[in-house]
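Text of entry15.cif (mmCIF, C-alpha atoms and all ligand atoms) as supplied:
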```cif
data_run
loop_
_atom_site.label_atom_id
_atom_site.label_comp_id
_atom_site.auth_asym_id
_atom_site.auth_seq_id
_atom_site.Cartn_x
_atom_site.Cartn_y
_atom_site.Cartn_z
CA MET A 1 -5.20 13.55 13.68
CA THR A 2 -4.45 11.43 16.67
CA ALA A 3 -1.82 12.54 19.16
CA SER A 4 0.71 10.54 17.17
CA ASN A 5 -0.11 11.92 13.70
CA ARG A 6 -1.83 8.71 12.69
CA VAL A 7 -4.86 9.75 10.61
CA PRO A 8 -7.94 8.27 12.32
CA ILE A 9 -9.77 5.56 10.42
CA ILE A 10 -13.44 4.67 10.86
CA GLY A 11 -15.04 1.58 9.38
CA GLY A 12 -18.72 0.79 9.08
CA ASN A 13 -19.17 -2.98 9.11
CA TRP A 14 -22.70 -3.53 7.87
CA LYS A 15 -22.41 -7.31 8.48
CA MET A 16 -25.40 -9.22 7.02
CA ASN A 17 -27.67 -6.17 7.02
CA THR A 18 -29.21 -3.76 4.50
CA ASP A 19 -30.68 -4.60 1.12
CA ARG A 20 -29.87 -2.97 -2.21
CA THR A 21 -32.14 0.01 -1.66
CA THR A 22 -31.30 0.73 1.98
CA GLY A 23 -27.59 0.10 1.35
CA ILE A 24 -27.48 2.62 -1.48
CA ALA A 25 -29.37 5.20 0.60
CA LEU A 26 -27.00 4.67 3.54
CA ALA A 27 -23.91 4.98 1.33
CA LYS A 28 -25.23 8.20 -0.22
CA ALA A 29 -25.96 9.78 3.15
CA VAL A 30 -22.60 8.76 4.61
CA ALA A 31 -20.73 9.98 1.50
CA SER A 32 -22.39 13.35 1.75
CA GLY A 33 -21.72 13.73 5.49
CA VAL A 34 -18.08 12.67 5.17
CA ALA A 35 -17.58 15.08 2.25
CA SER A 36 -18.82 18.01 4.38
CA LEU A 37 -16.50 17.08 7.25
CA GLN A 38 -13.56 16.83 4.89
CA ALA A 39 -14.53 20.14 3.29
CA GLN A 40 -14.06 21.67 6.76
CA GLY A 41 -10.49 20.37 6.65
CA LYS A 42 -11.07 17.41 9.00
CA LYS A 43 -8.58 14.61 8.48
CA VAL A 44 -10.23 11.21 8.68
CA GLU A 45 -10.39 8.08 6.56
CA VAL A 46 -13.67 6.22 6.26
CA ALA A 47 -14.52 2.79 4.87
CA VAL A 48 -17.80 0.92 4.55
CA PHE A 49 -18.11 -2.86 4.42
CA PRO A 50 -21.39 -3.88 2.77
CA PRO A 51 -22.41 -7.50 2.14
CA PHE A 52 -20.58 -9.02 -0.88
CA VAL A 53 -23.57 -8.97 -3.21
CA TYR A 54 -24.11 -5.23 -2.86
CA LEU A 55 -20.45 -4.25 -3.42
CA PRO A 56 -20.93 -3.25 -7.09
CA ALA A 57 -24.01 -1.14 -6.26
CA ILE A 58 -22.26 0.61 -3.36
CA SER A 59 -19.14 1.09 -5.45
CA GLU A 60 -21.21 2.86 -8.12
CA THR A 61 -22.96 4.96 -5.48
CA LEU A 62 -19.68 6.12 -3.92
CA CYS A 63 -18.14 6.83 -7.33
CA ALA A 64 -21.19 8.80 -8.47
CA ALA A 65 -20.91 10.90 -5.29
CA GLY A 66 -17.19 11.51 -5.98
CA SER A 67 -16.55 10.08 -2.50
CA ASN A 68 -13.18 9.06 -1.12
CA ILE A 69 -14.82 6.57 1.26
CA ALA A 70 -13.05 3.25 0.74
CA LEU A 71 -15.17 0.32 -0.34
CA GLY A 72 -14.50 -2.63 1.94
CA ALA A 73 -15.22 -6.36 1.95
CA GLN A 74 -16.10 -8.28 5.11
CA ASP A 75 -14.01 -11.32 4.18
CA VAL A 76 -12.04 -12.91 1.33
CA TYR A 77 -10.54 -16.24 0.34
CA HIS A 78 -6.78 -16.45 -0.11
CA ALA A 79 -6.60 -18.53 -3.31
CA GLU A 80 -6.54 -16.69 -6.64
CA LYS A 81 -9.22 -18.80 -8.33
CA GLY A 82 -10.44 -22.36 -8.70
CA ALA A 83 -12.75 -24.91 -7.13
CA PHE A 84 -13.67 -23.06 -3.91
CA THR A 85 -17.46 -23.01 -3.98
CA GLY A 86 -18.93 -19.95 -2.36
CA GLU A 87 -15.64 -18.12 -1.93
CA VAL A 88 -14.42 -14.81 -3.39
CA SER A 89 -10.80 -13.93 -4.24
CA VAL A 90 -8.82 -10.73 -3.69
CA GLY A 91 -8.72 -10.18 -7.46
CA MET A 92 -12.52 -10.41 -7.71
CA LEU A 93 -12.91 -7.88 -4.90
CA ARG A 94 -10.49 -5.51 -6.57
CA ASP A 95 -12.41 -5.92 -9.84
CA VAL A 96 -15.56 -4.45 -8.25
CA GLY A 97 -13.73 -1.55 -6.59
CA VAL A 98 -12.85 -2.93 -3.16
CA LYS A 99 -9.88 -1.22 -1.49
CA THR A 100 -9.86 -2.71 2.00
CA VAL A 101 -10.72 -6.13 3.47
CA LEU A 102 -11.64 -7.30 6.98
CA VAL A 103 -9.88 -10.51 7.99
CA GLY A 104 -10.47 -12.60 11.10
CA HIS A 105 -13.55 -10.77 12.31
CA SER A 106 -14.82 -12.24 15.56
CA GLU A 107 -17.92 -13.61 13.84
CA ARG A 108 -15.71 -15.40 11.30
CA ARG A 109 -13.54 -16.77 14.12
CA HIS A 110 -16.29 -17.82 16.50
CA VAL A 111 -19.42 -18.39 14.40
CA ILE A 112 -17.82 -19.72 11.20
CA HIS A 113 -14.85 -21.23 13.16
CA GLU A 114 -11.97 -19.80 11.15
CA GLY A 115 -8.58 -20.49 12.70
CA ASP A 116 -5.40 -18.45 12.88
CA ASP A 117 -3.69 -20.37 10.05
CA LEU A 118 -6.45 -19.58 7.56
CA ILE A 119 -6.62 -16.00 8.81
CA ASN A 120 -2.88 -15.64 8.21
CA LEU A 121 -3.22 -16.90 4.62
CA LYS A 122 -5.97 -14.35 4.02
CA VAL A 123 -3.94 -11.48 5.55
CA ARG A 124 -0.98 -12.32 3.34
CA ALA A 125 -3.14 -12.61 0.21
CA VAL A 126 -4.72 -9.20 0.79
CA LEU A 127 -1.42 -7.45 1.56
CA HIS A 128 0.32 -9.21 -1.34
CA HIS A 129 -2.28 -7.76 -3.71
CA ALA A 130 -1.54 -4.25 -2.42
CA MET A 131 -4.89 -3.84 -0.70
CA ARG A 132 -5.50 -2.62 2.82
CA CYS A 133 -6.08 -5.41 5.33
CA VAL A 134 -7.88 -4.91 8.65
CA LEU A 135 -6.86 -7.79 10.92
CA CYS A 136 -9.43 -8.20 13.69
CA VAL A 137 -8.43 -9.61 17.07
CA GLY A 138 -10.01 -9.80 20.48
CA GLU A 139 -10.64 -11.91 23.55
CA LYS A 140 -13.83 -13.65 24.71
CA LEU A 141 -15.47 -12.84 28.03
CA GLU A 142 -14.08 -15.84 29.92
CA GLN A 143 -10.62 -15.04 28.62
CA ARG A 144 -10.88 -11.46 29.90
CA GLU A 145 -12.22 -12.66 33.23
CA THR A 146 -9.31 -15.05 33.64
CA GLY A 147 -6.73 -12.38 32.85
CA GLN A 148 -5.83 -13.64 29.37
CA THR A 149 -6.71 -10.54 27.33
CA ASN A 150 -3.17 -9.61 26.35
CA THR A 151 -2.10 -13.22 25.78
CA ILE A 152 -4.99 -13.86 23.40
CA ASN A 153 -4.52 -10.63 21.49
CA GLU A 154 -0.80 -11.21 21.26
CA ARG A 155 -1.30 -14.73 19.90
CA GLN A 156 -3.84 -13.58 17.32
CA VAL A 157 -1.58 -10.73 16.18
CA ARG A 158 1.55 -12.88 15.98
CA LEU A 159 -0.16 -15.77 14.16
CA GLY A 160 -2.20 -13.47 11.93
CA LEU A 161 0.91 -11.57 10.83
CA ARG A 162 3.27 -14.53 10.41
CA ASP A 163 5.49 -13.97 7.34
CA VAL A 164 4.12 -10.47 6.73
CA ARG A 165 6.94 -8.24 5.49
CA PRO A 166 7.77 -4.85 7.07
CA ASP A 167 7.23 -3.13 3.71
CA GLU A 168 3.59 -4.33 3.74
CA LEU A 169 2.79 -2.67 7.07
CA ASP A 170 1.60 0.59 5.58
CA ARG A 171 -1.42 -1.35 4.29
CA LEU A 172 -2.20 -2.97 7.64
CA VAL A 173 -4.75 -1.85 10.21
CA ILE A 174 -5.50 -3.82 13.38
CA ALA A 175 -9.02 -3.80 14.84
CA TYR A 176 -9.21 -4.70 18.52
CA GLU A 177 -12.73 -5.98 19.08
CA PRO A 178 -13.33 -7.72 22.40
CA VAL A 179 -15.88 -10.44 21.59
CA TRP A 180 -17.97 -9.68 24.69
CA ALA A 181 -18.40 -6.07 23.57
CA ILE A 182 -19.66 -6.82 20.06
CA GLY A 183 -23.36 -6.21 19.58
CA THR A 184 -23.97 -6.37 23.33
CA GLY A 185 -24.11 -2.69 24.26
CA LYS A 186 -21.18 -3.35 26.65
CA THR A 187 -18.19 -1.24 25.68
CA ALA A 188 -14.68 -1.64 27.03
CA THR A 189 -13.80 1.28 29.27
CA PRO A 190 -11.51 3.73 27.49
CA GLN A 191 -8.70 2.68 29.86
CA ASP A 192 -9.21 -1.08 29.29
CA ALA A 193 -9.32 -0.51 25.54
CA GLN A 194 -6.20 1.69 25.71
CA ASP A 195 -4.35 -0.98 27.71
CA ALA A 196 -5.18 -3.65 25.10
CA HIS A 197 -4.19 -1.34 22.22
CA ARG A 198 -0.93 -0.46 23.94
CA HIS A 199 -0.08 -4.13 24.32
CA ILE A 200 -0.90 -4.81 20.67
CA ARG A 201 1.42 -1.94 19.67
CA LEU A 202 4.19 -3.42 21.81
CA VAL A 203 3.74 -6.75 20.01
CA LEU A 204 3.95 -4.94 16.65
CA ALA A 205 7.12 -3.22 17.87
CA ASP A 206 8.60 -6.58 18.79
CA LEU A 207 7.76 -7.96 15.34
CA PHE A 208 8.60 -4.98 13.15
CA GLY A 209 10.42 -2.37 15.25
CA LYS A 210 9.22 0.60 17.25
CA ASP A 211 8.98 3.10 14.38
CA ALA A 212 6.98 0.75 12.16
CA ALA A 213 4.65 -0.08 15.04
CA ALA A 214 4.09 3.60 15.73
CA GLY A 215 2.70 4.01 12.21
CA VAL A 216 0.12 1.21 12.36
CA ARG A 217 -3.43 2.28 13.13
CA ILE A 218 -5.34 0.26 15.72
CA GLN A 219 -9.12 0.65 15.71
CA TYR A 220 -11.40 -0.20 18.61
CA GLY A 221 -14.64 -2.06 17.91
CA GLY A 222 -17.47 -3.28 20.13
CA SER A 223 -20.65 -1.30 20.78
CA VAL A 224 -19.11 1.99 19.66
CA ASN A 225 -21.84 4.63 19.41
CA ALA A 226 -22.25 8.36 19.04
CA ALA A 227 -22.08 8.82 22.82
CA ASN A 228 -18.95 6.83 23.67
CA ALA A 229 -16.84 7.31 20.52
CA LYS A 230 -15.07 10.51 21.48
CA GLU A 231 -13.71 9.32 24.81
CA LEU A 232 -12.56 6.01 23.35
CA MET A 233 -10.77 7.70 20.47
CA SER A 234 -9.11 10.27 22.71
CA GLN A 235 -6.89 7.48 24.08
CA PRO A 236 -3.33 7.68 22.74
CA ASP A 237 -3.26 4.24 21.08
CA ILE A 238 -6.85 4.20 19.76
CA ASP A 239 -6.76 5.40 16.16
CA GLY A 240 -10.38 5.03 15.15
CA ALA A 241 -13.30 2.66 15.36
CA LEU A 242 -14.79 -0.33 13.61
CA VAL A 243 -18.52 0.12 14.01
CA GLY A 244 -21.27 -2.47 13.58
CA GLY A 245 -24.81 -1.58 14.67
CA ALA A 246 -24.29 2.18 14.77
CA SER A 247 -22.93 2.17 11.20
CA LEU A 248 -26.39 1.27 9.91
CA LYS A 249 -27.77 4.68 10.89
CA ASP A 250 -26.16 7.47 8.90
CA ALA A 251 -26.58 10.14 11.60
CA ASP A 252 -24.99 7.96 14.30
CA PHE A 253 -22.16 6.84 12.05
CA LEU A 254 -21.42 10.41 10.99
CA GLN A 255 -21.28 11.52 14.62
CA ILE A 256 -18.68 8.82 15.23
CA VAL A 257 -16.70 9.97 12.18
CA SER A 258 -16.91 13.52 13.48
CA ALA A 259 -15.76 12.41 16.95
CA ALA A 260 -12.69 10.85 15.33
CA CYS A 261 -11.59 14.24 14.08
CA GLY A 262 -12.11 16.06 17.32
CA GLY A 263 -15.91 16.29 17.30
P1 LIG A 301 -21.14 -3.52 17.15
O1 LIG A 301 -20.69 -2.10 16.93
O2 LIG A 301 -22.52 -3.78 16.66
O3 LIG A 301 -20.90 -3.96 18.55
O4 LIG A 301 -20.18 -4.43 16.22
C1 LIG A 301 -18.81 -4.25 16.28
C2 LIG A 301 -18.20 -5.03 15.19
O5 LIG A 301 -18.19 -6.25 15.19
C3 LIG A 301 -17.62 -4.28 14.06
O6 LIG A 301 -16.86 -5.10 13.23
#
```

Taking this structure as input, can you express it in the form of structure tokens?
Ligand code: 13P
Amino acid sequence: MTASNRVPIIGGNWKMNTDRTTGIALAKAVASGVASLQAQGKKVEVAVFPPFVYLPAISETLCAAGSNIALGAQDVYHAEKGAFTGEVSVGMLRDVGVKTVLVGHSERRHVIHEGDDLINLKVRAVLHHAMRCVLCVGEKLEQRETGQTNTINERQVRLGLRDVRPDELDRLVIAYEPVWAIGTGKTATPQDAQDAHRHIRLVLADLFGKDAAAGVRIQYGGSVNAANAKELMSQPDIDGALVGGASLKDADFLQIVSAACGG
């Protein structure tokens, strides 16, 4: 548990990595490691986010292992169905066992050029369908260097959560992922990450009230590894991690999961 009784939550975002065979092997190893931690009474929630095409295979793997790891999708489209070539709806994700969806990941914002309006539609679609939504926010390097970190995060949180109802908040997780820290080996210092998380929680409090904001988990992401995870997650407003590169190696990912529940 975190200091605040929020159960820590760790996500493994596989991005456009793995194939069917390596994905299944990774899921099996992670399921087994997480099961042993939980058997020791450790309280932690874990999700994995494989590429879309491997979701059914990973779903079967996790089910066969009797795992409570949540199957996650890296993106979604907000419409229910129709002429949206290449897109996938919330209902389709649910149909193959998905429980949690990343929205507004930095690579979707800055490589695929998704804007806050589209991100907001996706957040609302996921929450409306009673699934967990992980809204990702974070500033770019030049924005940090010019002192805009909190302004950018605040804008992305406010626009991303426009028209979200307070009763949907129990399904919301925020992932703070500074763009300059993703895949670069540069991690925010625990204090810088804590400051950004604190500000995001204050924005949530302004939108939904202090008690509701205190219940929302905020994950840190950006070059989290087995060595830096514990110190980052010991900060009072850091409730877990969203892990990219290190989630592709089962031993590293499991060390991060273990760090989330006190090591
Ligand atoms: P890395 O852990 O590879 O920096 O990626 C972080 C991330 O983008 C997770 O969503």

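For Thr149 in chain A, the residues within 8 Å (counting only C-alpha atoms, excluding itself and residues fewer than 4 positions away along the chain) are Gly138, Glu139, Gln143, Arg144, Asn153 and Ala196 of chain A.
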
For the residues in the current selection, export C-alpha atoms as a short mmCIF file (atom, residue, chain, number, x, y, z; two decimals), in the frame of the given file.
```
data_model
loop_
_atom_site.label_atom_id
_atom_site.label_comp_id
_atom_site.auth_asym_id
_atom_site.auth_seq_id
_atom_site.Cartn_x
_atom_site.Cartn_y
_atom_site.Cartn_z
CA GLY A 138 -10.01 -9.80 20.48
CA GLU A 139 -10.64 -11.91 23.55
CA GLN A 143 -10.62 -15.04 28.62
CA ARG A 144 -10.88 -11.46 29.90
CA ASN A 153 -4.52 -10.63 21.49
CA ALA A 196 -5.18 -3.65 25.10
#
```

*Write as a PyMOL selection string the residues around ligand LIG 301 (chain A), taking 7 Å as the cut-off and counting all atoms listed in the file.*
chain A and resi 13+105-106+177+181-185+221-224+242-246

*Would you please work out which residue, of A:Lys99, A:Gly215, A:Asp250, A:Gly147, is nearest to Asn5 in chain A when using all atoms listed in the file?*
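Closest to Asn5 in chain A of all the choices is A:Gly215.
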
*Fewer than 4 positions away in the same chain doesn't count, so skip those; otherwise give me all residues within 8 Å of Leu161 in chain A, counting all atoms listed in the file, as a ChimeraX atom specification.*
/A:120,123-124,157

Can you write just those residues out, C-alpha atoms, as a PDB file, in the coordinates of the input?
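Result went into out35.pdb, see below:
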```pdb
ATOM      1  CA  ASN A 120      -2.880 -15.640   8.210  1.00  0.00           C
ATOM      2  CA  VAL A 123      -3.940 -11.480   5.550  1.00  0.00           C
ATOM      3  CA  ARG A 124      -0.980 -12.320   3.340  1.00  0.00           C
ATOM      4  CA  VAL A 157      -1.580 -10.730  16.180  1.00  0.00           C
TER       5      VAL A 157
END
```

*For CA of Leu93 in chain A and CA of Leu121 in chain A, the interatomic separation in Å (one decimal)*: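 Taking CA of Leu93 in chain A and CA of Leu121 in chain A, their separation equals 16.3 Å.
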
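The closest residue to Phe253 in chain A, picked from A:Val88, A:Met16, A:Ala64, A:Leu26 and counting only C-alpha atoms, is A:Leu26.
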
*At what distance in Å, to one decimal, does CA of Ala226 in chain A lie from CA of Gln156 in chain A?*
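Here the two named atoms are 28.7 Å from each other.
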
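Restricting the calculation to only C-alpha atoms, the smallest distance between Gln148 in chain A and any of A:Tyr54, A:Glu80, A:Ala205, A:Pro178 is found for A:Pro178.
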
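Candidate residues A:Leu207, A:Ile24, A:Cys63, A:Val34 were compared for distance to Val98 in chain A, and the nearest is A:Cys63, using all atoms listed in the file.
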
*Looking at A:Asp19, A:Asp239, A:Asp95, A:Asp117, which one is nearest to Gln194 in chain A, with distances taken over all atoms listed in the file?*
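Ranking A:Asp19, A:Asp239, A:Asp95, A:Asp117 by distance to Gln194 in chain A, first place goes to A:Asp239.
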
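For the choices A:Gln191, A:Gln40, A:Asn225, A:Gln219, the atom-to-atom distance to Ala175 in chain A is smallest for A:Gln219 when using all atoms listed in the file.
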
Which residues are near Ala193 in chain A? Cut-off 8 Å, all atoms listed in the file, ignore same chain within fewer than 4 positions. Put them as a PDB file with C-alpha atoms, in the coordinates of the input.
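As a result, result_14.pdb now contains:
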```
ATOM      1  CA  ALA A 188     -14.680  -1.640  27.030  1.00  0.00           C
ATOM      2  CA  THR A 189     -13.800   1.280  29.270  1.00  0.00           C
ATOM      3  CA  HIS A 197      -4.190  -1.340  22.220  1.00  0.00           C
ATOM      4  CA  TYR A 220     -11.400  -0.200  18.610  1.00  0.00           C
ATOM      5  CA  LEU A 232     -12.560   6.010  23.350  1.00  0.00           C
ATOM      6  CA  ILE A 238      -6.850   4.200  19.760  1.00  0.00           C
TER       7      ILE A 238
END
```

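Here CA of Pro8 in chain A and CA of Ala130 in chain A stand 20.4 Å from one another.
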
Where is the centre and how long are the edges: axis-aligned box on range 24-37 of chain A, 8 Å on each side, Å to one decimal, as JSON:
```
{"center_x": -22.9, "center_y": 10.3, "center_z": 2.9, "size_x": 28.9, "size_y": 31.4, "size_z": 24.7}
```

*Determine, counting only C-alpha atoms, every residue of protein, DNA or RNA that lies within 10 Å of (-21.1, 11.9, 2.1) in the file coordinates, then give the result as JSON, numbers by chain.*
{"A": [26, 27, 28, 29, 30, 31, 32, 33, 34, 35, 36, 37, 38, 62, 65, 66, 67, 68, 69, 250, 254]}

*For Ala214 in chain A, list every protein, DNA or RNA residue within 8 Å, evaluated using only C-alpha atoms, and leave out those in the same chain fewer than 4 positions away; present the list as a list of chain:residue names.*
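Selected residues are A:Ser4, A:Arg201, A:Ala205, A:Lys210.
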
Coords for range 86-179 of chain A, C-alpha atoms, as a PDB file, in the first residue's frame:
```pdb
ATOM      1  CA  GLY A  86      -7.918   0.658 -38.794  1.00  0.00           C
ATOM      2  CA  GLU A  87      -9.579   1.601 -35.512  1.00  0.00           C
ATOM      3  CA  VAL A  88     -10.776  -0.580 -32.621  1.00  0.00           C
ATOM      4  CA  SER A  89     -13.730   0.185 -30.311  1.00  0.00           C
ATOM      5  CA  VAL A  90     -14.112  -0.205 -26.555  1.00  0.00           C
ATOM      6  CA  GLY A  91     -16.659  -2.989 -27.127  1.00  0.00           C
ATOM      7  CA  MET A  92     -14.206  -4.930 -29.309  1.00  0.00           C
ATOM      8  CA  LEU A  93     -11.509  -4.622 -26.649  1.00  0.00           C
ATOM      9  CA  ARG A  94     -13.887  -5.826 -23.969  1.00  0.00           C
ATOM     10  CA  ASP A  95     -14.852  -8.760 -26.209  1.00  0.00           C
ATOM     11  CA  VAL A  96     -11.268 -10.069 -26.148  1.00  0.00           C
ATOM     12  CA  GLY A  97     -10.849  -9.625 -22.390  1.00  0.00           C
ATOM     13  CA  VAL A  98      -9.387  -6.127 -22.085  1.00  0.00           C
ATOM     14  CA  LYS A  99      -9.988  -4.458 -18.715  1.00  0.00           C
ATOM     15  CA  THR A 100      -7.911  -1.287 -18.929  1.00  0.00           C
ATOM     16  CA  VAL A 101      -6.975   1.137 -21.722  1.00  0.00           C
ATOM     17  CA  LEU A 102      -4.164   3.673 -22.144  1.00  0.00           C
ATOM     18  CA  VAL A 103      -5.338   6.983 -23.581  1.00  0.00           C
ATOM     19  CA  GLY A 104      -3.209   9.923 -24.693  1.00  0.00           C
ATOM     20  CA  HIS A 105       0.140   8.192 -24.413  1.00  0.00           C
ATOM     21  CA  SER A 106       2.964  10.538 -25.327  1.00  0.00           C
ATOM     22  CA  GLU A 107       3.701   8.582 -28.496  1.00  0.00           C
ATOM     23  CA  ARG A 108       0.062   8.960 -29.565  1.00  0.00           C
ATOM     24  CA  ARG A 109       0.189  12.685 -28.780  1.00  0.00           C
ATOM     25  CA  HIS A 110       3.545  13.487 -30.342  1.00  0.00           C
ATOM     26  CA  VAL A 111       4.195  10.814 -32.993  1.00  0.00           C
ATOM     27  CA  ILE A 112       0.618  10.196 -34.175  1.00  0.00           C
ATOM     28  CA  HIS A 113      -0.422  13.825 -33.337  1.00  0.00           C
ATOM     29  CA  GLU A 114      -3.542  13.135 -31.295  1.00  0.00           C
ATOM     30  CA  GLY A 115      -4.996  16.254 -29.703  1.00  0.00           C
ATOM     31  CA  ASP A 116      -6.706  16.848 -26.376  1.00  0.00           C
ATOM     32  CA  ASP A 117     -10.220  16.850 -27.884  1.00  0.00           C
ATOM     33  CA  LEU A 118      -9.824  13.367 -29.345  1.00  0.00           C
ATOM     34  CA  ILE A 119      -8.150  12.167 -26.162  1.00  0.00           C
ATOM     35  CA  ASN A 120     -11.118  13.442 -24.146  1.00  0.00           C
ATOM     36  CA  LEU A 121     -13.575  11.551 -26.375  1.00  0.00           C
ATOM     37  CA  LYS A 122     -11.555   8.373 -25.853  1.00  0.00           C
ATOM     38  CA  VAL A 123     -11.367   8.849 -22.058  1.00  0.00           C
ATOM     39  CA  ARG A 124     -15.129   9.302 -21.875  1.00  0.00           C
ATOM     40  CA  ALA A 125     -15.813   6.284 -24.097  1.00  0.00           C
ATOM     41  CA  VAL A 126     -13.629   4.014 -21.954  1.00  0.00           C
ATOM     42  CA  LEU A 127     -15.077   5.224 -18.640  1.00  0.00           C
ATOM     43  CA  HIS A 128     -18.628   5.117 -20.017  1.00  0.00           C
ATOM     44  CA  HIS A 129     -18.139   1.429 -20.832  1.00  0.00           C
ATOM     45  CA  ALA A 130     -17.088   0.757 -17.231  1.00  0.00           C
ATOM     46  CA  MET A 131     -13.477  -0.002 -18.101  1.00  0.00           C
ATOM     47  CA  ARG A 132     -10.399   1.395 -16.411  1.00  0.00           C
ATOM     48  CA  CYS A 133      -8.823   4.317 -18.255  1.00  0.00           C
ATOM     49  CA  VAL A 134      -5.193   5.375 -17.816  1.00  0.00           C
ATOM     50  CA  LEU A 135      -4.927   8.979 -19.003  1.00  0.00           C
ATOM     51  CA  CYS A 136      -1.300   9.773 -19.843  1.00  0.00           C
ATOM     52  CA  VAL A 137       0.025  13.315 -19.521  1.00  0.00           C
ATOM     53  CA  GLY A 138       3.440  14.916 -19.503  1.00  0.00           C
ATOM     54  CA  GLU A 139       5.558  17.817 -20.663  1.00  0.00           C
ATOM     55  CA  LYS A 140       8.253  17.946 -23.358  1.00  0.00           C
ATOM     56  CA  LEU A 141      11.836  18.915 -22.580  1.00  0.00           C
ATOM     57  CA  GLU A 142      11.566  22.517 -23.785  1.00  0.00           C
ATOM     58  CA  GLN A 143       8.394  22.936 -21.750  1.00  0.00           C
ATOM     59  CA  ARG A 144      10.165  21.714 -18.603  1.00  0.00           C
ATOM     60  CA  GLU A 145      13.147  23.935 -19.314  1.00  0.00           C
ATOM     61  CA  THR A 146      10.913  26.968 -19.668  1.00  0.00           C
ATOM     62  CA  GLY A 147       9.080  26.275 -16.413  1.00  0.00           C
ATOM     63  CA  GLN A 148       5.826  25.078 -17.979  1.00  0.00           C
ATOM     64  CA  THR A 149       5.660  21.574 -16.483  1.00  0.00           C
ATOM     65  CA  ASN A 150       2.680  22.181 -14.210  1.00  0.00           C
ATOM     66  CA  THR A 151       0.831  24.300 -16.770  1.00  0.00           C
ATOM     67  CA  ILE A 152       1.108  21.606 -19.436  1.00  0.00           C
ATOM     68  CA  ASN A 153       0.103  18.792 -17.109  1.00  0.00           C
ATOM     69  CA  GLU A 154      -2.784  20.824 -15.769  1.00  0.00           C
ATOM     70  CA  ARG A 155      -4.048  21.583 -19.272  1.00  0.00           C
ATOM     71  CA  GLN A 156      -3.803  17.946 -20.362  1.00  0.00           C
ATOM     72  CA  VAL A 157      -5.607  16.760 -17.218  1.00  0.00           C
ATOM     73  CA  ARG A 158      -8.372  19.370 -17.447  1.00  0.00           C
ATOM     74  CA  LEU A 159      -8.983  18.862 -21.185  1.00  0.00           C
ATOM     75  CA  GLY A 160      -8.623  15.091 -20.978  1.00  0.00           C
ATOM     76  CA  LEU A 161     -11.184  14.871 -18.170  1.00  0.00           C
ATOM     77  CA  ARG A 162     -13.711  17.388 -19.512  1.00  0.00           C
ATOM     78  CA  ASP A 163     -17.262  16.133 -18.799  1.00  0.00           C
ATOM     79  CA  VAL A 164     -16.025  13.131 -16.822  1.00  0.00           C
ATOM     80  CA  ARG A 165     -18.420  12.488 -13.929  1.00  0.00           C
ATOM     81  CA  PRO A 166     -17.252  12.117 -10.305  1.00  0.00           C
ATOM     82  CA  ASP A 167     -18.834   8.645 -10.138  1.00  0.00           C
ATOM     83  CA  GLU A 168     -16.488   7.496 -12.942  1.00  0.00           C
ATOM     84  CA  LEU A 169     -13.326   8.429 -11.044  1.00  0.00           C
ATOM     85  CA  ASP A 170     -12.867   5.046  -9.418  1.00  0.00           C
ATOM     86  CA  ARG A 171     -12.007   3.734 -12.897  1.00  0.00           C
ATOM     87  CA  LEU A 172      -9.492   6.477 -13.656  1.00  0.00           C
ATOM     88  CA  VAL A 173      -5.724   6.311 -13.302  1.00  0.00           C
ATOM     89  CA  ILE A 174      -3.409   9.138 -14.376  1.00  0.00           C
ATOM     90  CA  ALA A 175       0.060   8.350 -15.726  1.00  0.00           C
ATOM     91  CA  TYR A 176       2.535  11.215 -15.509  1.00  0.00           C
ATOM     92  CA  GLU A 177       5.136  10.529 -18.165  1.00  0.00           C
ATOM     93  CA  PRO A 178       7.489  13.410 -18.938  1.00  0.00           C
ATOM     94  CA  VAL A 179       8.193  13.074 -22.672  1.00  0.00           C
TER      95      VAL A 179
END
```
